[in-house]
Amino acid sequence: MPNIFILPSVTGKAKKSRMEIIEKYDLEKIIRSDLIKILNTDLIYKYVDFDTGLNKIIKENSLKFTNPADFNDPFDCNENLLKHDNNEELINNVFNQIYQNTPRSVRRKVIRQLKNPDSYSEILKKERERFRLSCFSEKYNEVLMWSYYANKHHGICIGFDFPHKYEDHFILCHVKYLNKIIPLDGNADLLRVILYWLTTKSIRWEYENEIRAISNNKQEIIYFDKKFVKEIIFGCKMTNQKIETALTEIKSFGYDLNNIRFKKMEISRESFLLKERIIKPSL
């Protein structure tokens with residue numbers, strides 16, 4: 001497939017439209033801005049239950065990647081949110097990127113089908129099947145995240161220092177939060193449209209400060225190098241004894257505890273927030 005991970009230079013000015021619309025050059029600028037933002041992000045955090053965090057992610061150095069069709073938010077990566085004007089340029093663009101090996105004898109039939117909005121929706125569904133996502137956050141102290149994704153504060157939060165493009169496994173992208181759906185220009189490159197589509201959510205989810213690892217190899221499990229684990233944070237409801245046992249196990253998995261910051265979240269007495277306590281493991 002064409003490489004969606006290389007951004008072209010942005011030239012020219014976006015034309016002003018009578019209606020609010022994200023045009024081709026605007027989309028390029030958004031993607032470029034997201035790239036700059038992710039390059040300036042330090043650690044990204046994964047909230048999980050204790051068993052998954054310790055015995056899957058840490059022990060096996062593995063991350064689960066999910067088909068976006070299986071996400072709990074029905075608006076997330078829903079093909080109906082992409083409103084396109086199926087003009088000739090868009091149709092040729094889609095045909096050249098997806099159906100370039102189609103025999104000449106069926107070319108007209110395929111192009112005729114592409115002019116049907118329902119067919120375009122089916123194409124997006126098909127394209128979506130090629131991607132898998134793993135979700136992270138910029139924050140490690142969000143109360144709601146601990147409640148929803150880390151077993152009601154009995155789980156852990158793992159901080160990673162991945163490069164924005166981790167070999168051929170995945171790329172990292174910030175999620176954009178919108179309070180309304182803005183149609184996309186039909187002239188925009190299909191793969192950039194999909195990248196935008198995979199990283200845009202309702203503003204109701206803004207508290208998550210989400211970052212997504214996006215893979216296009218359909219693998220449900222992707223393995224990583226231990227060196228990228230930089231922080232391990234325990235939930236405020238975990239006992240000290242369980243934490244001590246976990247530290248012993250992490251060391252037995254081959255991790256150098258000197259290279260990882262360990263913390264435990266605690267309930268603040270001054271506000272409805274969490275505060276952190278540094279843990280110094282006995283080596």
# chains A, B, ... in the order shown; residues from 1 in each chain; ligands from 1
>>> residues_around(residues="segment 224-237 of chain A", least_positions_apart="5", cutoff="6 Å", atoms="only C-alpha atoms", output="short mmCIF file (atom, residue, chain, number, x, y, z; two decimals) with C-alpha atoms, in the first residue's frame")
data_model
loop_
_atom_site.label_atom_id
_atom_site.label_comp_id
_atom_site.auth_asym_id
_atom_site.auth_seq_id
_atom_site.Cartn_x
_atom_site.Cartn_y
_atom_site.Cartn_z
CA ASN A 61 6.94 -7.03 25.79
CA HIS A 153 -7.40 2.04 40.51
CA HIS A 154 -6.28 -1.55 41.17
CA GLY A 155 -4.31 -1.61 37.90
CA ILE A 156 -1.17 0.01 36.57
CA CYS A 157 -0.14 2.68 34.09
CA ILE A 158 2.96 2.10 31.94
CA GLY A 159 4.96 4.96 30.47
CA PHE A 160 6.69 4.40 27.11
CA ASP A 161 9.26 6.42 25.21
CA PHE A 162 8.56 5.21 21.68
CA ILE A 260 12.57 2.65 35.19
CA ARG A 261 10.81 5.20 37.40
CA PHE A 262 8.32 3.59 39.77
CA LYS A 263 5.44 5.48 41.34
CA LYS A 264 2.23 4.88 43.23
CA MET A 265 -0.79 7.12 42.89
CA GLU A 266 -2.36 8.35 46.12
#
>>> residues_around(residues="Leu133 of chain A", least_positions_apart="3", cutoff="12 Å", atoms="only C-alpha atoms", output="PyMOL selection string")
chain A and resi 63-71+76-77+128-130+136+169-173+175+195+198-199+210-222
>>> residues_around(residues="Ile250 of chain A", least_positions_apart="4", cutoff="9 Å", atoms="only C-alpha atoms", output="VMD selection string")
chain A and resid 54 58 to 59 245 to 246 254 to 257
>>> write_last_selection(atoms="C-alpha atoms", output="compact mmCIF listing (two decimals), in the first residue's frame")
# COMPACT_ATOMS: atom_id res chain seq x y z
CA LEU A 54 2.36 -7.24 34.29
CA ILE A 58 5.73 -6.03 30.69
CA LYS A 59 6.57 -9.74 30.81
CA THR A 245 5.86 -8.69 44.61
CA ALA A 246 5.38 -6.97 41.27
CA GLY A 254 14.99 -9.06 32.66
CA TYR A 255 14.30 -5.36 33.27
CA ASP A 256 16.93 -3.12 34.82
CA LEU A 257 14.99 -1.43 37.61
>>> atom_distance(atom1="atom CA of Arg192 of chain A", atom2="atom CA of Phe131 of chain A")
13.4 Å
>>> closest_residue(among="A:Lys242, A:Ile31, A:Ile182, A:Thr248", to="Ser282 of chain A", atoms="only C-alpha atoms")
A:Thr248
>>> atom_distance(atom1="atom CA of Trp146 of chain A", atom2="atom CA of Glu208 of chain A")
10.5 Å
>>> closest_residue(among="A:Asp42, A:Tyr223, A:Lys125, A:Lys139", to="Glu60 of chain A", atoms="only C-alpha atoms")
A:Tyr223
>>> closest_residue(among="A:Ile203, A:Leu274, A:Ile30, A:Ile44", to="Glu138 of chain A", atoms="only C-alpha atoms")
A:Ile44
>>> select_by_dssp(residues="segment 125-264 of chain A", states="strand (DSSP E)", output="MDAnalysis selection string")
chainID A and resid 132:137 156:160 165:166 170:174 176:178 200:202 210:215 221:223 229:234 261:264
>>> atom_distance(atom1="atom CA of Lys180 of chain A", atom2="atom CA of Trp197 of chain A")
13.8 Å
>>> closest_residue(among="A:Ile21, A:Asn40, A:Trp205, A:Lys275", to="Asp73 of chain A", atoms="only C-alpha atoms")
A:Trp205
